[in-house]
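Novice: Contents of data08.csv (CSV, C-alpha atoms):
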chain,number,residue,atom,x,y,z
F,45,MET,CA,70.5,96.3,195.5
F,46,VAL,CA,71.9,97.6,192.2
F,47,MET,CA,74.0,94.5,191.8
F,48,ARG,CA,71.0,92.3,192.3
F,49,LYS,CA,69.0,94.1,189.7
F,50,GLN,CA,71.9,93.7,187.2
F,51,GLU,CA,72.0,90.0,188.1
F,52,ILE,CA,68.3,89.6,187.4
F,53,LEU,CA,68.7,91.6,184.2
F,54,GLY,CA,71.6,89.3,183.3
F,55,THR,CA,69.8,86.1,183.8
F,56,GLY,CA,66.8,87.5,182.0
F,57,ARG,CA,68.9,88.3,179.0
F,58,ALA,CA,70.5,84.9,179.1
F,59,ALA,CA,67.1,83.3,179.2
F,60,ILE,CA,66.0,85.4,176.2
F,61,TYR,CA,69.1,84.3,174.3
F,62,ALA,CA,68.4,80.6,175.2
F,63,VAL,CA,64.8,80.9,173.9
F,64,MET,CA,66.0,82.5,170.7
F,65,ALA,CA,68.6,79.9,170.2
F,66,LEU,CA,66.1,77.2,170.8
F,67,ALA,CA,63.6,78.8,168.4
F,68,LEU,CA,66.3,79.1,165.7
F,69,GLY,CA,67.4,75.6,166.3
F,70,SER,CA,63.9,74.2,165.8
F,71,ILE,CA,63.4,76.3,162.7
F,72,ALA,CA,66.8,75.2,161.2
F,73,ALA,CA,66.2,71.5,162.0
F,74,PRO,CA,64.8,69.7,159.0
F,75,SER,CA,61.6,67.6,159.6
F,76,TRP,CA,63.5,64.3,158.8
F,77,ALA,CA,65.7,65.0,161.8
F,78,GLN,CA,62.9,63.5,163.9
F,79,ARG,CA,62.7,60.3,162.0
F,80,ASP,CA,63.6,56.9,163.5
F,81,PRO,CA,67.2,56.2,162.4
F,82,ALA,CA,66.2,52.8,161.0
F,83,TYR,CA,63.4,54.4,159.0
F,84,ALA,CA,65.7,57.1,157.7
F,85,ALA,CA,68.2,54.5,156.7
F,86,ALA,CA,65.6,52.4,154.9
F,87,ARG,CA,64.4,55.4,153.0
F,88,ALA,CA,67.9,56.4,152.0
F,89,ALA,CA,68.6,52.9,150.9
F,90,GLY,CA,65.5,52.8,148.7
F,91,GLN,CA,63.9,50.0,150.7
F,92,ILE,CA,60.9,52.1,151.7
F,93,GLY,CA,59.2,54.5,149.3
F,94,GLU,CA,56.3,57.0,149.3
F,95,LYS,CA,53.2,55.7,147.5
F,96,THR,CA,50.6,57.9,145.7
F,97,ASP,CA,48.0,56.9,148.3
F,98,GLY,CA,49.8,58.6,151.2
F,99,TYR,CA,51.3,55.4,152.7
F,100,LEU,CA,54.7,53.8,152.6
F,101,GLY,CA,55.6,50.9,150.3
F,102,VAL,CA,58.3,48.3,150.7
F,103,ILE,CA,60.5,47.8,147.7
F,104,ALA,CA,63.3,45.7,149.2
F,105,GLY,CA,64.5,44.4,152.6
F,106,GLY,CA,63.4,41.8,155.1
F,107,ALA,CA,60.8,41.5,157.7
F,108,ASP,CA,62.2,44.2,159.8
F,109,VAL,CA,61.8,46.8,157.0
F,110,ARG,CA,58.2,45.5,156.4
F,111,LYS,CA,57.5,45.9,160.1
F,112,LEU,CA,58.8,49.4,160.1
F,113,ALA,CA,56.6,50.4,157.2
F,114,ASP,CA,53.5,48.7,158.6
F,115,ASP,CA,54.0,50.4,161.9
F,116,LEU,CA,54.3,53.9,160.3
F,117,ASN,CA,51.4,53.2,158.0
F,118,ILE,CA,49.1,52.3,160.9
F,119,LYS,CA,50.1,55.6,162.6
F,120,ARG,CA,49.5,57.5,159.3
F,121,ARG,CA,46.1,55.9,158.9
F,122,ALA,CA,45.1,57.0,162.4
F,123,ASN,CA,46.4,60.5,161.7
F,124,TYR,CA,44.7,60.8,158.3
F,125,THR,CA,41.4,59.6,159.8
F,126,GLU,CA,41.5,62.2,162.5
F,127,ARG,CA,42.5,65.1,160.2
F,128,ALA,CA,40.1,64.0,157.4
F,129,ARG,CA,37.2,64.2,159.9
F,130,ALA,CA,38.2,67.7,160.9
F,131,GLN,CA,38.3,68.8,157.3
F,132,ASN,CA,35.1,67.0,156.2
F,133,ALA,CA,36.9,64.9,153.8
F,134,THR,CA,37.2,61.1,153.3
F,135,VAL,CA,40.3,59.3,154.6
F,136,GLU,CA,41.3,58.4,151.1
F,137,GLU,CA,41.0,62.0,149.9
F,138,TYR,CA,43.1,63.3,152.8
F,139,ALA,CA,45.7,60.4,152.4
F,140,PHE,CA,46.0,61.0,148.6
F,141,THR,CA,46.6,64.8,149.1
F,142,GLN,CA,49.2,63.9,151.8
F,143,GLY,CA,50.8,61.5,149.3
F,144,CYS,CA,51.1,64.3,146.7
F,145,LEU,CA,53.0,66.4,149.2
F,146,LEU,CA,55.1,63.6,150.6
F,147,ILE,CA,56.2,62.6,147.1
F,148,ALA,CA,57.1,66.3,146.4
F,149,ARG,CA,59.2,66.3,149.5
F,150,THR,CA,61.3,63.2,148.7
F,151,VAL,CA,65.0,63.9,148.3
F,152,PRO,CA,67.2,62.6,145.4
F,153,GLY,CA,67.9,58.9,145.7
F,154,GLU,CA,64.6,58.1,147.6
F,155,LYS,CA,61.9,56.0,146.0
F,156,TYR,CA,58.4,57.1,145.2
F,157,GLN,CA,55.5,55.7,143.3
F,158,GLY,CA,54.8,57.3,139.9
F,159,PRO,CA,51.2,58.0,138.7
F,160,ASP,CA,51.3,54.7,136.8
F,161,GLY,CA,52.0,52.8,140.0
F,162,SER,CA,55.7,52.0,139.1
F,163,TRP,CA,58.5,52.7,141.6
F,164,GLN,CA,60.7,55.7,140.6
F,165,THR,CA,63.9,57.0,142.1
F,166,ARG,CA,63.8,60.7,142.8
F,167,GLY,CA,66.3,62.6,140.7
F,168,ASN,CA,67.3,66.2,141.0
F,169,GLY,CA,64.2,67.4,139.1
F,170,ALA,CA,60.6,67.4,140.1
F,171,PRO,CA,59.0,64.0,140.7
F,172,GLN,CA,56.4,62.5,138.4
F,173,ARG,CA,53.1,63.2,140.2
F,174,ASP,CA,49.4,62.8,139.6
F,175,SER,CA,48.0,65.6,137.5
F,176,ARG,CA,45.6,66.5,140.3
F,177,CYS,CA,48.4,67.2,142.8
F,178,PRO,CA,48.7,70.8,144.0
Q,73,MET,CA,16.6,3.8,97.5
Q,74,LYS,CA,15.2,3.2,101.0
Q,75,GLN,CA,18.4,1.9,102.2
Q,76,GLY,CA,20.2,4.9,100.7
Q,77,THR,CA,18.1,7.5,102.5
Q,78,GLY,CA,18.3,5.4,105.6
Q,79,ALA,CA,22.0,5.5,105.5
Q,80,GLY,CA,21.9,9.3,104.6
Q,81,TRP,CA,20.0,10.4,107.7
Q,82,PRO,CA,22.5,9.4,110.4
Q,83,ILE,CA,25.3,11.1,108.4
Q,84,ARG,CA,23.2,14.3,108.1
Q,85,ARG,CA,22.3,14.1,111.8
Q,86,ALA,CA,26.0,13.6,112.7
Q,87,TRP,CA,26.8,16.7,110.6
Q,88,GLY,CA,24.0,18.6,112.2
Q,89,ALA,CA,25.2,17.6,115.7
Q,90,ALA,CA,28.8,18.6,114.8
Q,91,VAL,CA,27.6,22.0,113.5
Q,92,MET,CA,25.6,22.5,116.7
Q,93,VAL,CA,28.5,21.6,118.9
Q,94,LEU,CA,30.8,23.9,116.9
Q,95,GLY,CA,28.2,26.7,117.0
Q,96,GLY,CA,27.7,26.2,120.7
Q,97,ALA,CA,31.4,26.4,121.3
Q,98,MET,CA,31.7,29.5,119.2
Q,99,ALA,CA,28.6,31.1,120.9
Q,100,GLN,CA,30.2,30.3,124.3
Q,101,SER,CA,33.4,32.0,123.4
Q,102,GLY,CA,31.5,34.7,121.7
Q,103,CYS,CA,34.1,34.6,118.9
Q,104,ILE,CA,36.2,37.1,120.8
Q,105,SER,CA,39.8,36.2,121.4
Q,106,VAL,CA,41.2,37.5,124.7
Q,107,ASN,CA,44.9,38.1,125.0
Q,108,ALA,CA,46.6,38.8,128.3
Q,109,PRO,CA,48.1,42.3,128.3
Q,110,ASP,CA,51.8,42.5,128.5
Q,111,LYS,CA,51.6,45.3,131.1
Q,112,PRO,CA,50.3,44.8,134.6
Q,113,ILE,CA,46.7,45.9,135.1
Q,114,VAL,CA,46.6,48.9,137.3
Q,115,ILE,CA,43.3,49.6,139.0
Q,116,GLU,CA,43.1,53.3,139.7
Q,117,LEU,CA,41.3,53.4,143.1
Q,118,ASN,CA,41.9,57.1,143.5
Q,119,ILE,CA,40.1,58.1,140.3
Q,120,ASN,CA,37.1,59.5,142.2
Q,121,ILE,CA,39.2,62.0,144.2
Q,122,LYS,CA,38.5,65.4,142.8
Q,123,GLN,CA,41.2,68.0,142.3
Q,124,GLU,CA,39.1,70.7,144.1
Q,125,VAL,CA,39.1,68.5,147.2
Q,126,ILE,CA,42.9,68.0,147.0
Q,127,TYR,CA,43.4,71.8,146.6
Q,128,ARG,CA,41.2,72.4,149.6
Q,129,LEU,CA,43.1,70.0,151.8
Q,130,ALA,CA,46.6,71.1,150.6
Q,131,GLU,CA,47.2,73.6,153.4
Q,132,ASP,CA,46.1,71.3,156.2
Q,133,VAL,CA,48.3,68.5,154.8
Q,134,LYS,CA,51.3,70.8,154.8
Q,135,GLN,CA,50.7,71.7,158.5
Q,136,ASN,CA,50.3,68.0,159.3
Q,137,ILE,CA,53.8,67.2,158.2
Q,138,ASP,CA,55.2,69.9,160.5
Q,139,ALA,CA,52.9,68.8,163.4
Q,140,ASN,CA,53.8,65.1,163.1
Q,141,PRO,CA,57.2,64.8,161.5
Q,142,GLU,CA,57.9,61.4,163.1
Q,143,ILE,CA,55.4,59.6,161.0
Q,144,PHE,CA,56.5,61.1,157.7
Turn the structure described in the file into structure tokens.

Specialist:
Amino acid sequence: MVMRKQEILGTGRAAIYAVMALALGSIAAPSWAQRDPAYAAARAAGQIGEKTDGYLGVIAGGADVRKLADDLNIKRRANYTERARAQNATVEEYAFTQGCLLIARTVPGEKYQGPDGSWQTRGNGAPQRDSRCP
Amino acid sequence: MKQGTGAGWPIRRAWGAAVMVLGGAMAQSGCISVNAPDKPIVIELNINIKQEVIYRLAEDVKQNIDANPEIF
């Protein structure tokens, strides 16, 4: 009886540890860990960059890179449309705001579009963003 | 005399026509010379987006990245 109780307690504790480890793991994992490897590679290589309008732009690469960007842009548009409606904003307003944040979250070496529309490579400092960006 | 004036008219007419053609050409061009800019023309489509809207949406946009990391 006593042993059984301990056993239950033991498994319970193990479960708690497992949940804690899982929670810690998900917190520690960066958001880009869930990116498609081909997309992550194209970003790192500077073939795909973040545009000011909240969508991805193709700077270099072949049809496969274009397809990758197009596919993600379609998904982004659907996501922006849904969230813009919930926020009583236009899709363009939502997408632009998302673009502000996505450019801010680029890492050194990645490409992003400057306020003048030109492609820039993210350095160690802050990226050049539209003056309206939060 | 008569012959002289007779010969003078077509010349004057020709001058008049030339001036009119020239004037017409100048009027059409509006006398403004247009040079192509050396920099590409950037059409700012997002100019109507107001900063207050962007600030209002900022928090939701942040949550959106965490909720859908696979598309960003």

Novice: Using all atoms listed in the file, find which residues of chain Q lie within 8 Å of chain F and jot them down as a PyMOL selection string.

Specialist: chain Q and resi 114+118+121-123+125-127+129-130+133-134+137-138+141-144

Novice: Quick one: everything within 8 Å of Ala104 of chain F, counting only C-alpha atoms, minus sequence neighbours fewer than 6 positions away in the same chain. Send it as number ranges by chain.

Specialist: F: 90-92

Novice: Record the distance separating atom CA of Gln157 of chain F and atom CA of Asn136 of chain Q, expressed in Å with one decimal.

Specialist: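 Pair atom CA of Gln157 of chain F / atom CA of Asn136 of chain Q returns 20.8 Å.
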
Novice: What does the distance between atom CA of Ala107 of chain F and atom CA of Gly158 of chain F come to in Å, to one decimal place?

Specialist: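 Pair atom CA of Ala107 of chain F / atom CA of Gly158 of chain F returns 24.5 Å.
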
Novice: What separation in Å, quoted to one decimal, exists between atom CA of Pro81 of chain F and atom CA of Asn168 of chain F?

Specialist: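 Atom-to-atom, atom CA of Pro81 of chain F to atom CA of Asn168 of chain F, that is 23.6 Å.
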
Novice: Would you fill the gaps in segment 124-141 of chain F so it has N, CA and C atoms, then print it as a CSV table (one decimal), in the frame of the given file?

Specialist:
chain,number,residue,atom,x,y,z
F,124,TYR,N,45.5,60.4,159.4
F,124,TYR,CA,44.7,60.8,158.3
F,124,TYR,C,43.2,60.8,158.7
F,125,THR,N,42.8,59.7,159.4
F,125,THR,CA,41.4,59.6,159.8
F,125,THR,C,41.0,60.7,160.6
F,126,GLU,N,41.8,61.1,161.6
F,126,GLU,CA,41.5,62.2,162.5
F,126,GLU,C,41.4,63.5,161.8
F,127,ARG,N,42.4,63.8,160.9
F,127,ARG,CA,42.5,65.1,160.2
F,127,ARG,C,41.4,65.2,159.1
F,128,ALA,N,41.1,64.1,158.5
F,128,ALA,CA,40.1,64.0,157.4
F,128,ALA,C,38.7,64.4,158.0
F,129,ARG,N,38.5,63.9,159.2
F,129,ARG,CA,37.2,64.2,159.9
F,129,ARG,C,37.1,65.7,160.2
F,130,ALA,N,38.2,66.3,160.6
F,130,ALA,CA,38.2,67.7,160.9
F,130,ALA,C,38.0,68.5,159.7
F,131,GLN,N,38.4,68.0,158.5
F,131,GLN,CA,38.3,68.8,157.3
F,131,GLN,C,37.1,68.4,156.4
F,132,ASN,N,36.2,67.5,157.0
F,132,ASN,CA,35.1,67.0,156.2
F,132,ASN,C,35.5,66.4,154.9
F,133,ALA,N,36.5,65.6,154.9
F,133,ALA,CA,36.9,64.9,153.8
F,133,ALA,C,37.0,63.4,154.1
F,134,THR,N,37.1,62.6,153.0
F,134,THR,CA,37.2,61.1,153.3
F,134,THR,C,38.7,60.8,153.6
F,135,VAL,N,38.9,59.7,154.3
F,135,VAL,CA,40.3,59.3,154.6
F,135,VAL,C,41.2,59.2,153.4
F,136,GLU,N,40.5,58.6,152.3
F,136,GLU,CA,41.3,58.4,151.1
F,136,GLU,C,41.7,59.8,150.4
F,137,GLU,N,40.7,60.7,150.5
F,137,GLU,CA,41.0,62.0,149.9
F,137,GLU,C,42.2,62.7,150.6
F,138,TYR,N,42.1,62.6,152.0
F,138,TYR,CA,43.1,63.3,152.8
F,138,TYR,C,44.5,62.6,152.5
F,139,ALA,N,44.5,61.2,152.6
F,139,ALA,CA,45.7,60.4,152.4
F,139,ALA,C,46.3,60.7,151.0
F,140,PHE,N,45.5,60.8,150.0
F,140,PHE,CA,46.0,61.0,148.6
F,140,PHE,C,46.7,62.4,148.5
F,141,THR,N,46.0,63.4,149.1
F,141,THR,CA,46.6,64.8,149.1
F,141,THR,C,47.9,64.8,149.9
